[in-house]
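Q: The file below is run-v4.cif, mmCIF, C-alpha atoms:
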data_structure
loop_
_atom_site.group_PDB
_atom_site.id
_atom_site.type_symbol
_atom_site.label_atom_id
_atom_site.label_comp_id
_atom_site.auth_asym_id
_atom_site.auth_seq_id
_atom_site.Cartn_x
_atom_site.Cartn_y
_atom_site.Cartn_z
ATOM 1 C CA MET A 19 74.514 39.911 24.205
ATOM 2 C CA GLU A 20 71.182 38.718 25.564
ATOM 3 C CA THR A 21 68.317 41.197 25.394
ATOM 4 C CA GLY A 22 66.270 41.758 28.522
ATOM 5 C CA TYR A 23 63.047 41.282 26.583
ATOM 6 C CA ALA A 24 63.985 37.798 25.321
ATOM 7 C CA LYS A 25 65.201 36.737 28.756
ATOM 8 C CA THR A 26 61.999 38.027 30.372
ATOM 9 C CA LEU A 27 59.816 36.306 27.760
ATOM 10 C CA ARG A 28 61.563 32.971 28.269
ATOM 11 C CA GLY A 29 61.143 33.401 32.032
ATOM 12 C CA ALA A 30 57.415 34.003 31.487
ATOM 13 C CA ILE A 31 57.173 30.848 29.385
ATOM 14 C CA ALA A 32 58.964 28.871 32.105
ATOM 15 C CA GLY A 33 56.599 30.272 34.735
ATOM 16 C CA ALA A 34 53.489 29.442 32.713
ATOM 17 C CA LEU A 35 54.711 25.878 32.116
ATOM 18 C CA ALA A 36 55.515 25.392 35.814
ATOM 19 C CA ALA A 37 52.078 26.802 36.761
ATOM 20 C CA ALA A 38 50.401 24.406 34.321
ATOM 21 C CA VAL A 39 52.096 21.417 35.976
ATOM 22 C CA TRP A 40 51.109 22.807 39.398
ATOM 23 C CA ALA A 41 47.455 22.999 38.373
ATOM 24 C CA ALA A 42 47.456 19.646 36.581
ATOM 25 C CA GLN A 43 48.773 17.791 39.630
ATOM 26 C CA MET A 44 46.343 19.405 42.107
ATOM 27 C CA PRO A 45 43.753 16.591 42.002
ATOM 28 C CA LEU A 46 46.482 14.232 43.188
ATOM 29 C CA ASP A 47 47.804 16.479 45.957
ATOM 30 C CA LYS A 48 44.255 17.133 47.164
ATOM 31 C CA ARG A 49 43.991 13.403 47.852
ATOM 32 C CA VAL A 50 47.473 13.121 49.355
ATOM 33 C CA PHE A 51 47.001 16.078 51.723
ATOM 34 C CA ARG A 52 43.286 15.374 52.271
ATOM 35 C CA SER A 53 42.508 19.031 51.640
ATOM 36 C CA ASP A 54 40.121 20.533 49.089
ATOM 37 C CA PHE A 55 42.231 23.689 48.772
ATOM 38 C CA ASP A 56 42.350 24.462 45.042
ATOM 39 C CA ASP A 57 44.201 27.522 43.769
ATOM 40 C CA VAL A 58 42.531 27.406 40.362
ATOM 41 C CA ALA A 59 39.038 27.191 41.867
ATOM 42 C CA LEU A 60 39.910 30.078 44.156
ATOM 43 C CA LEU A 61 40.755 32.220 41.132
ATOM 44 C CA GLY A 62 37.796 30.951 39.118
ATOM 45 C CA ALA A 63 35.322 31.710 41.834
ATOM 46 C CA LEU A 64 36.091 35.379 41.281
ATOM 47 C CA THR A 65 34.287 35.228 37.936
ATOM 48 C CA ARG A 66 31.102 33.671 39.366
ATOM 49 C CA THR A 67 30.185 32.430 35.877
ATOM 50 C CA ASP A 68 29.790 29.026 34.253
ATOM 51 C CA SER A 69 33.011 29.590 32.329
ATOM 52 C CA TRP A 70 35.073 29.870 35.508
ATOM 53 C CA PRO A 71 37.421 26.931 34.743
ATOM 54 C CA ALA A 72 38.812 28.578 31.591
ATOM 55 C CA ALA A 73 39.113 31.953 33.282
ATOM 56 C CA ALA A 74 40.738 30.361 36.327
ATOM 57 C CA TRP A 75 43.319 28.482 34.258
ATOM 58 C CA ALA A 76 44.096 31.671 32.329
ATOM 59 C CA LEU A 77 44.599 33.624 35.565
ATOM 60 C CA HIS A 78 46.714 30.856 37.081
ATOM 61 C CA LEU A 79 48.956 30.619 34.001
ATOM 62 C CA GLN A 80 49.182 34.416 33.876
ATOM 63 C CA ASN A 81 50.299 34.523 37.508
ATOM 64 C CA GLY A 82 52.929 31.876 36.789
ATOM 65 C CA ALA A 83 54.127 33.802 33.741
ATOM 66 C CA LEU A 84 54.394 37.063 35.685
ATOM 67 C CA PHE A 85 56.337 35.354 38.465
ATOM 68 C CA GLY A 86 58.568 33.632 35.902
ATOM 69 C CA ALA A 87 59.274 36.902 34.084
ATOM 70 C CA ALA A 88 60.313 38.581 37.315
ATOM 71 C CA TYR A 89 62.279 35.507 38.367
ATOM 72 C CA ALA A 90 64.306 35.439 35.134
ATOM 73 C CA ASN A 91 65.576 38.937 35.863
ATOM 74 C CA PHE A 92 65.981 38.636 39.630
ATOM 75 C CA ALA A 93 67.262 35.083 40.178
ATOM 76 C CA PRO A 94 70.770 35.548 38.716
ATOM 77 C CA ARG A 95 71.410 38.098 41.474
ATOM 78 C CA LEU A 96 70.582 35.638 44.270
ATOM 79 C CA PRO A 97 73.690 34.374 46.074
ATOM 80 C CA LEU A 98 72.539 30.767 45.744
ATOM 81 C CA PRO A 99 73.433 27.835 43.520
ATOM 82 C CA SER A 100 71.262 27.819 40.383
ATOM 83 C CA TRP A 101 69.377 24.678 41.484
ATOM 84 C CA ALA A 102 68.194 26.399 44.697
ATOM 85 C CA ARG A 103 67.015 29.719 43.266
ATOM 86 C CA GLY A 104 63.609 28.599 41.976
ATOM 87 C CA PRO A 105 62.547 26.660 45.070
ATOM 88 C CA VAL A 106 63.748 29.449 47.400
ATOM 89 C CA ALA A 107 61.999 32.194 45.409
ATOM 90 C CA ALA A 108 58.699 30.287 45.182
ATOM 91 C CA SER A 109 58.820 29.206 48.844
ATOM 92 C CA ALA A 110 59.516 32.784 49.935
ATOM 93 C CA GLU A 111 56.513 33.956 47.923
ATOM 94 C CA ASN A 112 54.368 31.285 49.591
ATOM 95 C CA ILE A 113 55.436 32.284 53.099
ATOM 96 C CA LEU A 114 55.052 36.005 52.417
ATOM 97 C CA THR A 115 51.603 35.741 50.825
ATOM 98 C CA TRP A 116 50.081 32.997 53.015
ATOM 99 C CA PRO A 117 48.680 35.534 55.516
ATOM 100 C CA LEU A 118 46.512 36.897 52.691
ATOM 101 C CA THR A 119 44.519 33.668 52.800
ATOM 102 C CA ALA A 120 42.952 35.005 56.010
ATOM 103 C CA LEU A 121 41.440 37.771 53.863
ATOM 104 C CA THR A 122 40.343 35.227 51.282
ATOM 105 C CA ASP A 123 38.601 33.184 53.977
ATOM 106 C CA ARG A 124 36.710 36.304 55.115
ATOM 107 C CA LEU A 125 36.212 38.409 51.964
ATOM 108 C CA HIS A 126 36.248 36.200 48.859
ATOM 109 C CA PRO A 127 32.922 36.411 46.965
ATOM 110 C CA ALA A 128 32.656 32.585 46.992
ATOM 111 C CA ARG A 129 34.015 32.027 50.516
ATOM 112 C CA LYS A 130 30.992 29.913 51.463
ATOM 113 C CA GLU A 131 31.736 27.428 48.661
ATOM 114 C CA LEU A 132 35.505 27.323 49.280
ATOM 115 C CA PRO A 133 37.318 25.609 52.145
ATOM 116 C CA ALA A 134 38.803 27.872 54.798
ATOM 117 C CA VAL A 135 42.555 27.581 54.408
ATOM 118 C CA PHE A 136 44.315 30.118 56.640
ATOM 119 C CA THR A 137 44.053 28.014 59.796
ATOM 120 C CA SER A 138 44.422 24.647 58.046
ATOM 121 C CA PRO A 139 47.827 22.965 58.494
ATOM 122 C CA ARG A 140 46.931 20.595 55.644
ATOM 123 C CA ALA A 141 46.235 23.486 53.278
ATOM 124 C CA PHE A 142 49.501 25.179 54.277
ATOM 125 C CA ALA A 143 51.454 21.941 53.706
ATOM 126 C CA GLN A 144 49.686 21.539 50.363
ATOM 127 C CA SER A 145 50.540 25.109 49.377
ATOM 128 C CA THR A 146 54.141 24.550 50.444
ATOM 129 C CA TRP A 147 54.343 21.445 48.248
ATOM 130 C CA ARG A 148 52.819 23.290 45.278
ATOM 131 C CA HIS A 149 55.217 26.199 45.575
ATOM 132 C CA LEU A 150 58.188 23.874 45.946
ATOM 133 C CA LEU A 151 57.144 21.962 42.822
ATOM 134 C CA PHE A 152 56.561 25.217 40.943
ATOM 135 C CA GLY A 153 59.940 26.573 42.055
ATOM 136 C CA VAL A 154 61.889 23.482 41.050
ATOM 137 C CA LEU A 155 60.225 23.432 37.632
ATOM 138 C CA LEU A 156 60.499 27.182 37.110
ATOM 139 C CA GLY A 157 64.152 27.221 38.079
ATOM 140 C CA GLU A 158 65.121 24.341 35.826
ATOM 141 C CA ILE A 159 63.025 25.351 32.804
ATOM 142 C CA GLU A 160 64.137 28.974 33.030
ATOM 143 C CA ARG A 161 67.781 27.932 33.458
ATOM 144 C CA ARG A 162 67.597 25.834 30.318
ATOM 145 C CA LEU A 163 65.687 28.409 28.279
ATOM 146 C CA ASN A 164 68.005 31.244 29.299
ATOM 147 C CA ALA A 165 71.243 29.267 29.211
ATOM 148 C CA PRO A 166 74.126 31.305 27.831
ATOM 149 C CA ALA A 167 74.967 30.506 24.250
ATOM 150 C CA VAL A 168 77.952 28.192 24.005
ATOM 151 C CA GLU A 169 80.314 29.096 21.233
ATOM 152 C CA ALA A 170 81.117 26.056 19.101
ATOM 153 C CA PRO A 171 84.837 25.352 18.971
ATOM 154 C CA SER A 172 86.457 25.911 15.628
ATOM 155 C CA TYR A 173 87.275 22.677 13.836
ATOM 156 C CA CYS A 174 90.619 24.078 12.859
ATOM 157 C CA ALA A 175 91.602 25.529 16.227
ATOM 158 C CA GLY A 176 94.992 24.155 17.111
ATOM 159 C CA VAL A 177 94.960 21.631 14.262
ATOM 160 C CA ALA A 178 95.361 23.634 11.090
ATOM 161 C CA SER A 179 97.589 26.552 10.304
ATOM 162 C CA SER A 180 96.338 29.720 8.689
ATOM 163 C CA ASN A 181 97.524 28.434 5.291
ATOM 164 C CA GLY A 182 95.239 25.394 5.583
ATOM 165 C CA HIS A 183 97.997 22.785 5.620
ATOM 166 C CA GLY A 184 97.857 21.902 9.298
ATOM 167 C CA ARG A 185 100.557 21.840 11.904
ATOM 168 C CA ILE A 186 103.631 19.744 11.493
ATOM 169 C CA GLU A 187 103.287 18.405 15.039
ATOM 170 C CA HIS A 188 100.125 16.561 13.981
ATOM 171 C CA ALA A 189 101.717 15.155 10.847
ATOM 172 C CA ILE A 190 104.786 13.651 12.475
ATOM 173 C CA SER A 191 104.504 11.193 15.271
ATOM 174 C CA VAL A 192 107.630 9.993 16.968
ATOM 175 C CA ALA A 193 107.280 7.208 19.450
ATOM 176 C CA PRO A 194 109.582 7.405 22.454
ATOM 177 C CA GLU A 195 112.157 4.651 22.606
#
Would you mind writing the file out in structure tokens?
A:
Amino acid sequence: METGYAKTLRGAIAGALAAAVWAAQMPLDKRVFRSDFDDVALLGALTRTDSWPAAAWALHLQNGALFGAAYANFAPRLPLPSWARGPVAASAENILTWPLTALTDRLHPARKELPAVFTSPRAFAQSTWRHLLFGVLLGEIERRLNAPAVEAPSYCAGVASSNGHGRIEHAISVAPE
């Protein structure tokens, strides 16, 4: 039987990997959506130090891992096909937390250096894309990491008898006339 700890850990690994891909592709989606919205920079600006990129990546990967850990335990209960669970969960999180960007625009310590995103349709589309990508990756990686163990079929099942001499049906072949 699968332990909850192992399942949760593999979910966290899946979430961190999906978050890493999210962050790595951001320079491309910033060009595609023509928006400077950058989740990692948003997190890094909290540190207000020269080492913000490392701290920001660590926070971003941590957030992905936490979401992945929760997802691994919650997703099997969703009444959806396995391929839809990750994208739905990540998209729901995006929609539910997007209003908090209004607070970020007003209260973030580095708000003057960051683009305002709450009222930007481009930033919302960009965030939607990122969460969809994260959800697809999270769902698939977690599904593979937490796949149920498949019991290997016995070589002898149905071919050999308990005395090791096989079954007579396999030894005699009679062709129909």
Q: Mind checking which residues fall within 8 Å of Leu79 of chain A, counting all atoms listed in the file, ignoring those fewer than 5 positions away in the same chain, and posting them as a ChimeraX atom specification?
A: /A:33-35,37-38
Q: Mind telling me what the PyMOL selection byres ((chain A and resi 101) around 8) catches here, as a VMD selection string?
A: chain A and resid 99 to 100 102 to 105 154 157 to 158
Q: So which residues get picked by the PyMOL selection byres ((chain A and resi 138) around 12) here, written as a ChimeraX atom specification?
A: /A:51-55,116-117,119-120,123,133-137,139-145
Q: Evaluating the PyMOL selection byres ((chain A and resi 78) around 9) on the displayed file yields which residues, as a list of chain:residue names?
A: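 On this input, the PyMOL selection byres ((chain A and resi 78) around 9) captures A:Ala34, A:Ala37, A:Ala38, A:Ala41, A:Asp57, A:Val58, A:Leu61, A:Ala73, A:Ala74, A:Trp75, A:Ala76, A:Leu77, A:Leu79, A:Gln80, A:Asn81, A:Gly82, A:Ala83.
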Q: I need the residue nearest Gly29 of chain A from this list: A:Leu150, A:Leu96, A:Leu84, A:Ala128. Use only C-alpha atoms for the distance.
A: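 The answer is A:Leu84, which sits nearest to Gly29 of chain A.
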Q: Select, counting only C-alpha atoms, all protein, DNA and RNA residues no farther than 12 Å from (34.8, 32.2, 43.3) in file coordinates, and express the selection as JSON, numbers by chain.
A: {"A": [56, 57, 58, 59, 60, 61, 62, 63, 64, 65, 66, 67, 68, 69, 70, 71, 73, 74, 122, 123, 125, 126, 127, 128, 129, 130, 131, 132, 133]}
Q: Please work out which residues fall within 8 Å of (64.9, 41.2, 34.4), coordinates as given in the file, with only C-alpha atoms counting, and return them as a list in words.
A: Gly22, Lys25, Thr26, Ala87, Ala88, Tyr89, Ala90, Asn91 and Phe92 of chain A
Q: Between atom CA of Gly153 of chain A and atom CA of Ala108 of chain A, what is the spacing in Å?
A: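 For atom CA of Ala108 of chain A relative to atom CA of Gly153 of chain A, the distance reads 5.0 Å.
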Q: What's the separation between atom CA of His149 of chain A and atom CA of Pro166 of chain A, in Å to one decimal place?
A: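 Those two atoms sit 26.4 Å apart.
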Q: Quick one: distance from atom CA of Val106 of chain A to atom CA of Pro45 of chain A in Å, one decimal?
A: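 Interatomic distance here is 24.4 Å.
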Q: Considering all atoms listed in the file, can you say which of A:Tyr23, A:Phe85, A:Phe152, A:Trp147 comes closest to Val50 of chain A?
A: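 Smallest separation from Val50 of chain A among the options: A:Trp147.
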Q: Restricting the calculation to only C-alpha atoms, which member of A:Arg148, A:Ile159, A:Val39, A:Pro97 is positioned closest to Glu111 of chain A?
A: A:Arg148
